[in-house]
file protein.txt (compact mmCIF, C-alpha atoms and all ligand atoms)
# COMPACT_ATOMS: atom_id res chain seq x y z
CA MET A 1 0.00 0.00 0.00
CA ARG A 2 2.69 2.45 1.07
CA LEU A 3 4.71 1.57 -2.02
CA ALA A 4 1.71 2.24 -4.24
CA LEU A 5 1.05 5.59 -2.56
CA THR A 6 4.70 6.56 -2.86
CA PHE A 7 4.50 5.74 -6.55
CA ILE A 8 1.36 7.88 -7.00
CA LEU A 9 3.03 10.72 -5.10
CA ALA A 10 6.12 10.49 -7.25
CA VAL A 11 4.00 10.65 -10.41
CA LEU A 12 2.04 13.62 -9.14
CA LEU A 13 5.17 15.46 -8.05
CA SER A 14 6.81 14.85 -11.42
CA ARG A 15 3.84 16.62 -13.02
CA SER A 16 4.19 19.70 -10.89
CA VAL A 17 4.40 23.09 -12.57
CA GLU A 18 7.45 23.40 -14.86
CA GLY A 19 9.17 20.80 -12.71
CA ARG A 20 9.37 23.33 -9.90
CA PRO A 21 8.45 22.62 -6.28
CA LEU A 22 4.76 22.12 -5.93
CA PHE A 23 3.84 24.21 -2.94
CA ARG A 24 5.45 27.45 -3.94
CA ASN A 25 3.33 30.46 -4.53
CA GLU A 26 2.14 30.52 -8.13
CA LYS A 27 4.04 33.68 -9.07
CA LYS A 28 7.24 32.32 -7.61
CA ALA A 29 7.07 29.39 -9.99
CA PHE A 30 8.46 31.71 -12.64
CA ASN A 31 12.11 32.55 -12.90
CA LYS A 32 13.48 35.96 -11.97
CA LEU A 33 14.41 38.58 -14.55
CA LEU A 34 17.21 41.13 -14.70
CA VAL A 35 17.15 43.71 -17.49
CA ILE A 36 20.39 45.63 -18.02
CA SER A 37 20.58 48.65 -20.28
CA PHE A 38 23.88 50.08 -21.46
CA ASP A 39 22.88 53.50 -22.79
CA GLY A 40 23.80 54.22 -26.40
CA PHE A 41 25.19 50.74 -27.23
CA ARG A 42 25.04 50.71 -31.02
CA TRP A 43 24.11 47.34 -32.54
CA ASN A 44 27.58 46.68 -33.96
CA TYR A 45 29.82 48.00 -31.18
CA ASP A 46 30.89 44.45 -30.38
CA GLN A 47 32.18 43.83 -33.89
CA ASP A 48 35.39 45.85 -33.92
CA VAL A 49 36.54 45.09 -30.37
CA GLU A 50 37.47 41.88 -28.58
CA THR A 51 34.40 40.99 -26.52
CA PRO A 52 35.00 37.45 -25.23
CA ASN A 53 32.15 37.55 -22.72
CA MET A 54 29.57 38.84 -25.15
CA ASP A 55 30.79 36.23 -27.64
CA LYS A 56 30.29 33.56 -24.98
CA LEU A 57 26.73 34.80 -24.49
CA VAL A 58 26.03 34.28 -28.19
CA LYS A 59 26.67 30.58 -27.63
CA GLU A 60 24.91 30.42 -24.29
CA GLY A 61 21.88 32.49 -25.10
CA VAL A 62 19.99 34.63 -27.58
CA LYS A 63 21.34 37.41 -29.75
CA ALA A 64 19.17 39.56 -32.00
CA LYS A 65 20.96 40.80 -35.12
CA TYR A 66 19.87 44.24 -33.93
CA ILE A 67 16.77 45.94 -32.57
CA THR A 68 15.06 49.16 -33.58
CA PRO A 69 14.30 51.76 -30.92
CA PRO A 70 11.17 53.89 -31.17
CA MET A 71 11.20 57.34 -32.66
CA ILE A 72 12.38 59.41 -30.74
CA THR A 73 15.81 57.75 -30.46
CA MET A 74 16.64 59.31 -27.11
CA THR A 75 17.29 57.87 -23.66
CA SER A 76 14.06 58.61 -21.78
CA PRO A 77 11.56 58.00 -24.63
CA SER A 78 13.22 54.74 -25.64
CA HIS A 79 13.76 53.33 -22.15
CA PHE A 80 10.16 54.11 -21.31
CA THR A 81 8.96 52.30 -24.43
CA THR A 82 10.92 49.24 -23.32
CA ILE A 83 9.48 49.23 -19.80
CA THR A 84 5.89 50.00 -20.89
CA GLY A 85 5.61 48.39 -24.33
CA ARG A 86 3.99 51.61 -25.52
CA TRP A 87 4.96 54.06 -28.22
CA PRO A 88 6.08 57.53 -27.07
CA GLU A 89 2.79 59.11 -28.20
CA ASP A 90 1.01 56.84 -25.69
CA HIS A 91 3.43 56.94 -22.77
CA GLY A 92 4.05 60.66 -23.19
CA VAL A 93 7.79 60.77 -22.50
CA VAL A 94 8.57 62.38 -25.82
CA HIS A 95 11.99 63.87 -25.07
CA ASN A 96 14.91 63.61 -22.68
CA MET A 97 14.14 67.10 -21.49
CA MET A 98 11.09 67.70 -19.38
CA PHE A 99 9.55 70.85 -20.75
CA ASN A 100 6.58 73.14 -20.69
CA SER A 101 6.05 75.12 -23.88
CA THR A 102 3.79 77.62 -22.10
CA THR A 103 5.99 78.48 -19.11
CA LEU A 104 9.15 77.84 -21.20
CA SER A 105 10.67 75.64 -18.49
CA LYS A 106 13.17 72.95 -19.45
CA LEU A 107 14.70 70.34 -17.17
CA SER A 108 17.57 68.08 -18.16
CA HIS A 109 17.28 64.28 -18.34
CA LYS A 110 18.79 63.58 -14.94
CA THR A 111 16.75 66.19 -13.11
CA THR A 112 13.52 64.64 -14.44
CA GLN A 113 14.07 61.32 -12.71
CA ASN A 114 12.03 62.10 -9.60
CA ARG A 115 9.46 64.21 -11.41
CA SER A 116 6.37 62.00 -11.59
CA GLU A 117 4.46 64.61 -13.57
CA TRP A 118 6.80 63.96 -16.49
CA TRP A 119 6.54 60.14 -16.43
CA ASP A 120 3.09 59.37 -15.05
CA ASN A 121 0.73 59.86 -17.98
CA GLY A 122 -1.68 56.99 -17.40
CA VAL A 123 0.54 54.21 -18.75
CA MET A 124 1.86 51.69 -16.23
CA PRO A 125 5.48 50.59 -16.47
CA LEU A 126 6.16 46.91 -15.89
CA TRP A 127 7.50 47.43 -12.35
CA ILE A 128 4.09 48.62 -11.17
CA THR A 129 2.05 46.08 -13.16
CA ALA A 130 4.23 43.27 -11.82
CA GLN A 131 3.94 44.57 -8.25
CA GLU A 132 0.15 44.66 -8.56
CA GLN A 133 0.37 40.97 -9.45
CA GLY A 134 2.41 40.09 -6.38
CA LEU A 135 5.98 40.39 -7.66
CA LYS A 136 8.79 42.28 -5.98
CA THR A 137 10.52 44.74 -8.31
CA ALA A 138 13.37 47.21 -8.26
CA SER A 139 14.99 49.81 -10.47
CA PHE A 140 18.66 50.67 -10.29
CA HIS A 141 19.20 53.98 -12.12
CA TYR A 142 16.76 52.95 -14.88
CA PRO A 143 14.97 55.96 -16.42
CA GLY A 144 11.48 56.40 -14.97
CA GLY A 145 12.17 54.12 -12.01
CA GLY A 146 12.11 57.01 -9.54
CA ALA A 147 8.64 58.30 -10.41
CA ASN A 148 5.26 57.43 -8.90
CA TYR A 149 2.56 55.99 -11.12
CA SER A 150 -1.00 56.66 -9.97
CA GLY A 151 0.55 57.13 -6.55
CA GLN A 152 2.48 53.86 -6.60
CA SER A 153 6.25 53.73 -6.45
CA VAL A 154 8.61 50.94 -7.44
CA ASN A 155 9.30 48.66 -4.43
CA ARG A 156 12.92 49.74 -4.44
CA SER A 157 14.39 52.44 -6.60
CA LEU A 158 17.82 53.97 -6.76
CA VAL A 159 17.87 57.15 -8.81
CA GLU A 160 21.02 58.42 -10.47
CA SER A 161 22.32 61.56 -8.83
CA TYR A 162 22.83 64.56 -11.06
CA ASP A 163 26.61 64.26 -10.89
CA HIS A 164 26.76 60.48 -10.96
CA PRO A 165 30.00 59.36 -12.67
CA ASP A 166 29.07 57.15 -15.62
CA SER A 167 32.50 55.69 -16.18
CA ASN A 168 33.52 54.19 -12.84
CA VAL A 169 34.14 50.54 -13.67
CA THR A 170 34.53 49.58 -10.00
CA GLU A 171 31.10 51.02 -9.28
CA TRP A 172 29.66 49.06 -12.23
CA ARG A 173 30.73 45.83 -10.51
CA GLU A 174 29.51 46.98 -7.10
CA ASN A 175 26.10 47.69 -8.61
CA ILE A 176 25.95 44.15 -9.98
CA ASP A 177 26.71 42.76 -6.51
CA ILE A 178 23.99 44.93 -4.98
CA VAL A 179 21.44 43.69 -7.52
CA MET A 180 22.51 40.05 -7.04
CA GLY A 181 21.93 40.52 -3.33
CA TRP A 182 18.42 41.80 -4.03
CA PHE A 183 17.65 38.65 -6.01
CA ALA A 184 19.42 36.11 -3.80
CA LYS A 185 18.85 37.48 -0.29
CA GLU A 186 15.68 39.54 -0.63
CA ASP A 187 13.86 37.50 -3.26
CA PHE A 188 13.24 40.30 -5.76
CA ASP A 189 11.62 38.99 -8.95
CA PHE A 190 12.35 41.75 -11.46
CA VAL A 191 15.14 44.32 -11.49
CA THR A 192 16.18 46.85 -14.13
CA LEU A 193 19.79 48.07 -14.05
CA TYR A 194 21.00 51.04 -16.08
CA TYR A 195 24.49 52.18 -17.08
CA GLY A 196 25.27 55.57 -18.65
CA GLU A 197 28.00 54.15 -20.90
CA PRO A 198 28.81 53.81 -23.77
CA ASP A 199 26.52 56.80 -24.45
CA LYS A 200 28.81 59.25 -22.70
CA VAL A 201 31.97 58.25 -24.53
CA GLY A 202 30.01 58.17 -27.81
CA HIS A 203 28.98 61.80 -27.30
CA ARG A 204 32.28 63.11 -26.02
CA LYS A 205 34.75 61.27 -28.19
CA GLY A 206 32.64 59.93 -31.05
CA PRO A 207 31.55 56.37 -31.86
CA GLU A 208 34.47 55.55 -34.17
CA THR A 209 37.26 56.23 -31.67
CA PRO A 210 39.68 54.12 -29.60
CA ASP A 211 38.04 55.63 -26.49
CA ARG A 212 34.68 54.11 -27.41
CA LYS A 213 36.33 50.74 -28.12
CA GLU A 214 38.01 50.84 -24.73
CA VAL A 215 34.68 51.41 -23.00
CA ILE A 216 33.16 48.46 -24.90
CA LYS A 217 35.99 46.29 -23.58
CA GLN A 218 35.21 47.51 -20.05
CA ILE A 219 31.54 46.71 -20.56
CA ASP A 220 32.44 43.24 -21.81
CA THR A 221 34.60 42.67 -18.73
CA THR A 222 31.65 43.84 -16.61
CA ILE A 223 29.40 41.31 -18.35
CA GLY A 224 32.01 38.66 -17.49
CA TYR A 225 31.79 39.83 -13.88
CA LEU A 226 28.00 39.55 -14.08
CA LEU A 227 28.19 35.92 -15.24
CA GLU A 228 30.53 35.11 -12.37
CA ALA A 229 28.31 36.96 -9.87
CA ILE A 230 25.17 35.11 -11.01
CA ASP A 231 26.99 31.84 -10.39
CA ARG A 232 28.43 32.98 -7.05
CA HIS A 233 24.94 33.88 -5.82
CA GLY A 234 23.49 30.54 -6.91
CA LEU A 235 21.14 32.22 -9.39
CA THR A 236 22.16 30.43 -12.59
CA GLN A 237 19.10 28.18 -12.70
CA ARG A 238 16.52 30.79 -11.75
CA LEU A 239 17.58 34.12 -13.20
CA ASN A 240 16.94 35.21 -16.77
CA VAL A 241 18.92 38.20 -18.05
CA ILE A 242 18.17 40.59 -20.91
CA ILE A 243 20.91 42.97 -21.99
CA THR A 244 19.75 45.78 -24.21
CA SER A 245 20.02 49.52 -24.87
CA ASP A 246 18.06 52.51 -25.98
CA HIS A 247 19.62 53.72 -29.26
CA GLY A 248 22.82 53.80 -31.25
CA MET A 249 25.23 56.64 -32.00
CA THR A 250 26.58 58.39 -35.06
CA THR A 251 29.43 60.82 -35.73
CA VAL A 252 28.29 64.45 -35.82
CA LYS A 253 29.00 66.02 -39.20
CA LYS A 254 30.69 69.42 -39.04
CA LYS A 255 32.15 72.11 -41.24
CA PRO A 256 33.91 72.03 -43.61
CA GLU A 257 32.69 68.51 -44.39
CA VAL A 258 29.06 69.66 -44.46
CA ASP A 259 26.85 72.71 -44.49
CA GLU A 260 25.56 72.69 -40.92
CA ILE A 261 21.92 73.32 -40.06
CA LYS A 262 21.43 76.55 -38.12
CA LEU A 263 17.78 77.61 -38.15
CA SER A 264 18.41 81.30 -37.48
CA ASN A 265 20.08 81.38 -40.91
CA PHE A 266 16.69 80.77 -42.48
CA MET A 267 14.32 83.04 -40.57
CA PRO A 268 14.14 85.86 -37.99
CA TYR A 269 14.33 83.36 -35.15
CA ILE A 270 13.34 85.37 -32.09
CA LYS A 271 10.50 87.07 -33.94
CA LEU A 272 8.91 83.78 -34.99
CA VAL A 273 9.75 81.21 -32.32
CA TYR A 274 8.08 81.16 -28.90
CA PHE A 275 9.58 77.89 -27.62
CA ASP A 276 12.02 75.33 -28.99
CA LEU A 277 13.64 72.03 -28.16
CA LEU A 278 16.72 72.09 -30.33
CA ASP A 279 20.51 71.77 -30.09
CA TYR A 280 19.97 68.21 -28.98
CA GLY A 281 20.94 65.90 -31.84
CA GLY A 282 18.80 65.14 -34.85
CA PHE A 283 15.30 65.66 -33.49
CA GLY A 284 13.72 68.98 -32.61
CA MET A 285 10.44 70.76 -31.98
CA ILE A 286 9.29 74.35 -32.32
CA LYS A 287 6.28 76.20 -30.96
CA PRO A 288 5.95 79.29 -33.17
CA ARG A 289 4.69 82.56 -31.80
CA LYS A 290 0.94 83.05 -32.11
CA GLY A 291 -0.16 83.13 -35.75
CA LYS A 292 3.37 82.47 -37.05
CA GLU A 293 3.07 78.73 -37.63
CA GLN A 294 2.78 78.88 -41.42
CA GLN A 295 5.58 81.43 -41.64
CA VAL A 296 7.94 79.18 -39.65
CA TYR A 297 6.96 76.18 -41.73
CA ASP A 298 7.44 78.02 -45.03
CA ALA A 299 10.81 79.37 -43.92
CA LEU A 300 12.14 75.93 -42.97
CA VAL A 301 10.49 73.43 -45.27
CA ASN A 302 12.97 73.86 -48.12
CA ALA A 303 15.69 75.60 -46.17
CA HIS A 304 18.31 72.84 -46.08
CA PRO A 305 18.68 69.63 -48.10
CA ASN A 306 19.32 67.59 -44.96
CA LEU A 307 16.43 68.94 -42.92
CA THR A 308 12.88 67.55 -42.93
CA VAL A 309 10.09 69.67 -41.48
CA TYR A 310 6.65 68.44 -40.42
CA LYS A 311 3.58 70.22 -39.23
CA LYS A 312 2.30 68.19 -36.32
CA GLU A 313 -0.67 66.94 -38.36
CA GLU A 314 1.67 65.75 -41.14
CA ILE A 315 3.94 63.60 -38.99
CA PRO A 316 3.95 60.08 -40.42
CA GLU A 317 1.89 57.67 -38.36
CA SER A 318 4.82 55.25 -38.39
CA PHE A 319 6.71 57.64 -36.07
CA HIS A 320 4.15 56.93 -33.31
CA ILE A 321 4.64 60.37 -31.76
CA ALA A 322 2.03 62.66 -33.34
CA LYS A 323 -0.92 61.89 -31.09
CA ASN A 324 0.70 63.25 -27.96
CA SER A 325 -0.15 66.74 -26.73
CA ARG A 326 3.49 67.34 -25.77
CA ILE A 327 4.52 67.20 -29.42
CA GLN A 328 4.86 70.81 -30.59
CA PRO A 329 3.29 72.27 -33.78
CA ILE A 330 6.50 72.00 -35.86
CA VAL A 331 8.69 68.89 -35.72
CA LEU A 332 12.14 68.80 -37.29
CA MET A 333 14.25 65.82 -38.29
CA ALA A 334 17.81 66.12 -39.54
CA ASP A 335 19.55 63.56 -41.74
CA LEU A 336 21.98 61.22 -40.04
CA GLY A 337 24.86 63.10 -38.43
CA TYR A 338 23.42 66.59 -38.91
CA ASN A 339 22.65 68.34 -35.67
CA LEU A 340 19.74 70.72 -35.39
CA ASN A 341 21.08 74.04 -34.16
CA SER A 342 18.82 76.94 -33.29
CA GLN A 343 20.87 80.14 -33.22
CA VAL A 344 24.36 79.10 -32.15
CA ILE A 345 26.35 75.99 -32.96
CA PHE A 346 27.65 74.41 -29.80
CA TYR A 347 30.65 72.25 -30.65
CA VAL A 348 30.26 69.94 -27.70
CA ASN A 349 29.28 66.51 -28.96
CA LYS A 350 31.35 64.50 -31.40
CA GLY A 351 28.70 61.82 -31.53
CA ASP A 352 24.92 62.00 -31.21
CA HIS A 353 21.57 60.24 -31.63
CA GLY A 354 17.95 61.30 -31.99
CA PHE A 355 18.03 60.53 -35.71
CA HIS A 356 15.51 58.45 -37.66
CA ASN A 357 15.18 54.96 -36.21
CA GLY A 358 15.49 53.48 -39.69
CA GLU A 359 19.16 54.53 -39.80
CA MET A 360 21.46 51.61 -38.98
CA ASP A 361 23.55 53.84 -36.70
CA MET A 362 20.48 54.24 -34.45
CA LYS A 363 19.91 50.48 -34.09
CA THR A 364 20.86 48.89 -30.82
CA ILE A 365 21.47 45.54 -29.09
CA PHE A 366 19.44 42.73 -27.62
CA ARG A 367 20.91 39.75 -25.78
CA ALA A 368 19.21 37.29 -23.45
CA PHE A 369 20.23 34.25 -21.49
CA GLY A 370 19.09 32.16 -18.56
CA PRO A 371 16.93 29.11 -17.89
CA ASP A 372 14.02 30.19 -20.11
CA PHE A 373 16.08 31.24 -23.15
CA LYS A 374 17.41 29.03 -25.92
CA LYS A 375 21.13 28.68 -26.43
CA ASN A 376 22.99 29.70 -29.57
CA TYR A 377 19.85 31.37 -30.99
CA LEU A 378 20.18 34.22 -33.47
CA ALA A 379 16.98 36.25 -33.62
CA GLU A 380 15.91 38.40 -36.55
CA PRO A 381 15.72 42.17 -35.92
CA PHE A 382 12.65 43.49 -34.13
CA ASP A 383 11.30 46.69 -32.60
CA SER A 384 12.21 47.30 -28.96
CA VAL A 385 8.51 47.83 -28.16
CA ASN A 386 8.24 44.03 -28.35
CA ILE A 387 10.55 43.46 -25.37
CA TYR A 388 7.68 44.26 -23.01
CA PRO A 389 5.44 41.24 -23.77
CA LEU A 390 8.53 39.02 -23.64
CA MET A 391 9.38 40.27 -20.14
CA CYS A 392 5.78 39.69 -19.06
CA LYS A 393 5.85 36.16 -20.47
CA VAL A 394 9.08 35.28 -18.69
CA LEU A 395 7.87 36.75 -15.38
CA GLY A 396 4.38 35.26 -15.60
CA VAL A 397 2.78 38.70 -15.50
CA THR A 398 -0.46 39.54 -17.29
CA PRO A 399 0.61 42.42 -19.56
CA ALA A 400 -1.03 45.83 -19.39
CA PRO A 401 -2.36 47.04 -22.77
CA ASN A 402 0.67 47.51 -25.01
CA ASN A 403 1.86 48.02 -28.59
CA GLY A 404 4.19 45.03 -28.62
CA SER A 405 3.76 41.48 -29.82
CA LEU A 406 5.20 38.26 -28.50
CA SER A 407 5.31 36.85 -32.01
CA PHE A 408 8.69 38.54 -32.64
CA THR A 409 10.37 37.13 -29.57
CA GLU A 410 8.70 33.92 -28.39
CA GLY A 411 10.96 31.84 -30.64
CA MET A 412 13.76 32.69 -28.20
CA LEU A 413 12.13 30.81 -25.39
CA VAL A 414 12.94 27.22 -24.53
CA ASP A 415 9.33 26.50 -23.72
CA THR A 416 6.89 28.75 -25.53
CA ASN A 417 4.17 27.17 -23.44
CA ILE A 418 5.42 28.76 -20.24
CA GLU A 419 2.05 29.91 -19.15
CA SER A 420 1.82 33.49 -18.17
CA GLY A 421 -0.77 36.09 -17.60
CA ALA A 422 -4.36 35.03 -17.85
CA ASN A 423 -3.37 31.45 -18.65
CA GLY A 424 -1.12 31.32 -15.62
CA SER A 425 -4.13 30.77 -13.42
CA ARG A 426 -4.48 27.32 -14.94
CA HIS A 427 -1.24 26.36 -13.26
CA HIS A 428 -2.63 27.72 -10.10
CA VAL A 429 -5.72 25.55 -10.32
CA SER A 430 -3.89 22.42 -11.39
CA SER A 431 -1.16 22.71 -8.74
CA ASN A 432 -3.76 23.32 -6.05
CA LEU A 433 -5.65 20.29 -7.27
CA VAL A 434 -2.54 18.11 -7.13
CA ALA A 435 -1.73 19.43 -3.66
CA ALA A 436 -5.24 18.54 -2.47
CA MET A 437 -4.93 15.03 -3.87
CA ILE A 438 -1.60 14.46 -2.13
CA PHE A 439 -3.03 15.73 1.13
CA TYR A 440 -5.98 13.34 0.71
CA LEU A 441 -3.60 10.42 0.07
CA PHE A 442 -1.62 11.29 3.21
CA LEU A 443 -4.84 11.19 5.22
CA GLN A 444 -5.51 7.69 3.88
CA MET A 445 -2.04 6.38 4.89
ZN ZN B 1 22.95 60.26 -25.33

call {"tool": "encode", "arguments": {"input": "protein.txt", "output": "C-alpha cells", "more": "lines below"}}
Ligand SMILES: [Zn+2]
result
Amino acid sequence: MRLALTFILAVLLSRSVEGRPLFRNEKKAFNKLLVISFDGFRWNYDQDVETPNMDKLVKEGVKAKYITPPMITMTSPSHFTTITGRWPEDHGVVHNMMFNSTTLSKLSHKTTQNRSEWWDNGVMPLWITAQEQGLKTASFHYPGGGANYSGQSVNRSLVESYDHPDSNVTEWRENIDIVMGWFAKEDFDFVTLYYGEPDKVGHRKGPETPDRKEVIKQIDTTIGYLLEAIDRHGLTQRLNVIITSDHGMTTVKKKPEVDEIKLSNFMPYIKLVYFDLLDYGGFGMIKPRKGKEQQVYDALVNAHPNLTVYKKEEIPESFHIAKNSRIQPIVLMADLGYNLNSQVIFYVNKGDHGFHNGEMDMKTIFRAFGPDFKKNYLAEPFDSVNIYPLMCKVLGVTPAPNNGSLSFTEGMLVDTNIESGANGSRHHVSSNLVAAMIFYLFLQM
C-alpha cells in the first residue's frame, strides 16, 4: 500500500508546474528577470573590439541581429517604451528634457528622474504592473524608475544623482553585486539596471574612436563579472537576463565637411519662435509665436537639403509620436549626423543620436540568457517595443495594454508554453488540485 502511494506521489510530483516545487506560490514558480541597459550601445559595437564575454553569451543564449528603438531615439523616450511596451505618443515621455512650452521651463534628463508629472501619464510601467500581481521589483538607475505611477512607487528604486560618474568601472561591478543581493537574499523577482556608458563616450569622443572601443571592452569585462556573480549567488538556474540599450550613436557632421543646419540662418528666429527644443541631436520641436506657424513652416520646409520639417498633423503615423499633446506644432528631423542648431552651434558633442530609427547607426542591441532562453539562438531584428510582452511572459505577468507582440520574440524561449498572464491561473488551479490530492492520500495512509 505504502509503495503504491509513494509511486502515486512520485507521479504527481513529477507533473508539478514546470518541474518546480509544488507548494510554492504561483508567481514564484516563474524565474526571476534582470534587465540591463547600457545607454547608447550601437548594434555593432561588439564587432570591432574583442568581446570574449559577449561572444560567450552568443553561444549560451539569444542574440538579436539588432533591434530598432522607437522614434524618438533618445534615452528617456526609448527606455520608457521598453518598460511600458507603448509608443512615445502613448506613454508621453517624448523627449529627454522635461519641458513646458507655455511656461518655457526645461529640465535636463537627470533632473527629471524624480518628477512623476513627467513620467506618469496613465501608462503603467512593468514594475508597477508586476507589483500589482504580487511580484517584488526594483529599479537601479533605470529611467522612470524614480517616479510614482497613480501614486504607486517601485518597491525599491535607486535614482542616479545629477553628478553620478558614468564611467567608474569599479562602481559598475559593485552595482551588480547589490542587484545580485536583491535577487538572492531579498527575493526580488524583477530588477532593471541602467548604465550611462557607452553613451557618454560616444557623445564626447565619437563612436568611431579608440576611447569608445576601450569602454566596450570595459563593458564586456563587466558582463564577465555579471556571469561570475550570477553563479556565485546561486542564481544560474533561476535568473533570466536581458541585456539591451536605448539607441545607437553616429558621428556628428561638421564644417567644412558639411553645411551645418542653423535655423536662425533661415528666418528671424526670435521674432517667430516662442519655444524650442533644439541643439539636442537630430530631433527637434518648435512652438511658433501666435499666428506664425505657417511662416515658420514656409521658412524651414525647403531651407536645407538635410532637414525635414513636419507640421504636427503631417507627422507620419509610423513615427508613433504625433498623437501626444506634448509634441509641438512644428517637428524637425535632420539627416543622419546633422545636428539641429537653433541660433548658435555648440561644438560639444562629437557623436549624437535622436536621428531616424530606420538609420542603422540608431539600431541597438538585444541579448538574453538564462533558464528560459534558448542557447545559440540568433533572432531576426525586431522593434524594442516588443521586449515588453517578452518580459511579461518570462515573469508570468499579465501584460497591461501595449503596442508590442510576443510573435517577434517567443521563438527565443525554450518552452513557448510557459504559461503566463491570464493562462497562468491554470497552473494555479492544477497545482492546487494536485496538492489537495496528495493531502488526501496522506490522510488515507
Ligand atoms: Zn545620449

call {"tool": "closest_residue", "arguments": {"input": "protein.txt", "among": "A:Ser37, A:Thr84, A:Asn349, A:Asn53", "to": "ligand ZN 1 (chain B)", "atoms": "all atoms listed in the file"}}
result
A:Asn349

call {"tool": "residues_near_ligand", "arguments": {"input": "protein.txt", "ligand": "ligand ZN 1 (chain B)", "cutoff": "7 Å", "atoms": "only C-alpha atoms and all ligand atoms", "output": "list in words"}}
result
Gly40, Met74, Thr75, Asp199, Lys200, His203, Asp352 and His353 of chain A

call {"tool": "write_last_selection", "arguments": {"input": "protein.txt", "atoms": "C-alpha atoms", "output": "compact mmCIF listing (two decimals), in the coordinates of the input"}}
result
# COMPACT_ATOMS: atom_id res chain seq x y z
CA GLY A 40 23.80 54.22 -26.40
CA MET A 74 16.64 59.31 -27.11
CA THR A 75 17.29 57.87 -23.66
CA ASP A 199 26.52 56.80 -24.45
CA LYS A 200 28.81 59.25 -22.70
CA HIS A 203 28.98 61.80 -27.30
CA ASP A 352 24.92 62.00 -31.21
CA HIS A 353 21.57 60.24 -31.63

call {"tool": "residues_around", "arguments": {"input": "protein.txt", "residues": "range 147-164 of chain A", "least_positions_apart": "3", "cutoff": "9 Å", "atoms": "all atoms listed in the file", "output": "ChimeraX atom specification"}}
result
/A:110-125,127-128,131,136-144

call {"tool": "closest_residue", "arguments": {"input": "protein.txt", "among": "A:Thr250, A:Asn306, A:Ser76, A:Ser264", "to": "Met333 in chain A", "atoms": "only C-alpha atoms"}}
result
A:Asn306

call {"tool": "residues_around", "arguments": {"input": "protein.txt", "residues": "Tyr225 in chain A", "least_positions_apart": "4", "cutoff": "12 Å", "atoms": "all atoms listed in the file", "output": "NGL selection string"}}
result
:A and (53-54 or 169-170 or 172-177 or 180 or 218-221 or 229-232)

call {"tool": "write_last_selection", "arguments": {"input": "protein.txt", "atoms": "C-alpha atoms", "output": "PDB file, in the coordinates of the input"}}
result
ATOM      1  CA  ASN A  53      32.150  37.550 -22.720  1.00  0.00           C
ATOM      2  CA  MET A  54      29.570  38.840 -25.150  1.00  0.00           C
ATOM      3  CA  VAL A 169      34.140  50.540 -13.670  1.00  0.00           C
ATOM      4  CA  THR A 170      34.530  49.580 -10.000  1.00  0.00           C
ATOM      5  CA  TRP A 172      29.660  49.060 -12.230  1.00  0.00           C
ATOM      6  CA  ARG A 173      30.730  45.830 -10.510  1.00  0.00           C
ATOM      7  CA  GLU A 174      29.510  46.980  -7.100  1.00  0.00           C
ATOM      8  CA  ASN A 175      26.100  47.690  -8.610  1.00  0.00           C
ATOM      9  CA  ILE A 176      25.950  44.150  -9.980  1.00  0.00           C
ATOM     10  CA  ASP A 177      26.710  42.760  -6.510  1.00  0.00           C
ATOM     11  CA  MET A 180      22.510  40.050  -7.040  1.00  0.00           C
ATOM     12  CA  GLN A 218      35.210  47.510 -20.050  1.00  0.00           C
ATOM     13  CA  ILE A 219      31.540  46.710 -20.560  1.00  0.00           C
ATOM     14  CA  ASP A 220      32.440  43.240 -21.810  1.00  0.00           C
ATOM     15  CA  THR A 221      34.600  42.670 -18.730  1.00  0.00           C
ATOM     16  CA  ALA A 229      28.310  36.960  -9.870  1.00  0.00           C
ATOM     17  CA  ILE A 230      25.170  35.110 -11.010  1.00  0.00           C
ATOM     18  CA  ASP A 231      26.990  31.840 -10.390  1.00  0.00           C
ATOM     19  CA  ARG A 232      28.430  32.980  -7.050  1.00  0.00           C
TER      20      ARG A 232
END

call {"tool": "residues_around", "arguments": {"input": "protein.txt", "residues": "Ser325 in chain A", "least_positions_apart": "4", "cutoff": "12 Å", "atoms": "only C-alpha atoms", "output": "count of residues only"}}
result
14

call {"tool": "closest_residue", "arguments": {"input": "protein.txt", "among": "A:Met249, A:Leu33, A:Leu235, A:Leu406", "to": "Arg212 in chain A", "atoms": "all atoms listed in the file"}}
result
A:Met249

call {"tool": "atom_distance", "arguments": {"input": "protein.txt", "atom1": "CA of Glu186 in chain A", "atom2": "CA of Leu227 in chain A"}}
result
19.6 Å

call {"tool": "closest_residue", "arguments": {"input": "protein.txt", "among": "A:Gly404, A:Gly224, A:Pro207, A:Gly145", "to": "Thr51 in chain A", "atoms": "only C-alpha atoms"}}
result
A:Gly224

call {"tool": "residues_around", "arguments": {"input": "protein.txt", "residues": "range 334-337 of chain A", "least_positions_apart": "4", "cutoff": "12 Å", "atoms": "all atoms listed in the file", "output": "JSON, numbers by chain"}}
result
{"A": [73, 203, 206, 207, 248, 249, 250, 251, 252, 253, 254, 255, 257, 258, 259, 260, 261, 262, 263, 278, 279, 280, 281, 282, 283, 284, 285, 300, 301, 303, 304, 305, 306, 307, 308, 309, 310, 341, 349, 350, 351, 352, 353, 354, 355, 356, 357, 358, 359, 360, 361, 362]}

call {"tool": "closest_residue", "arguments": {"input": "protein.txt", "among": "A:Pro371, A:Pro399, A:Pro389, A:Gly134", "to": "Val414 in chain A", "atoms": "only C-alpha atoms"}}
result
A:Pro371

call {"tool": "build_atoms", "arguments": {"input": "protein.txt", "residues": "range 94-98 of chain A", "atoms": "N, CA and C atoms", "output": "compact mmCIF listing (two decimals), in the frame of the given file"}}
result
# COMPACT_ATOMS: atom_id res chain seq x y z
N VAL A 94 8.23 62.15 -24.42
CA VAL A 94 8.57 62.38 -25.82
C VAL A 94 9.92 63.07 -26.01
N HIS A 95 10.67 63.24 -24.94
CA HIS A 95 11.99 63.87 -25.07
C HIS A 95 12.79 63.56 -23.81
N ASN A 96 14.10 63.73 -23.89
CA ASN A 96 14.91 63.61 -22.68
C ASN A 96 14.67 64.77 -21.74
N MET A 97 14.40 65.93 -22.32
CA MET A 97 14.14 67.10 -21.49
C MET A 97 12.68 67.09 -21.07
N MET A 98 12.45 67.41 -19.81
CA MET A 98 11.09 67.70 -19.38
C MET A 98 10.86 69.17 -19.69
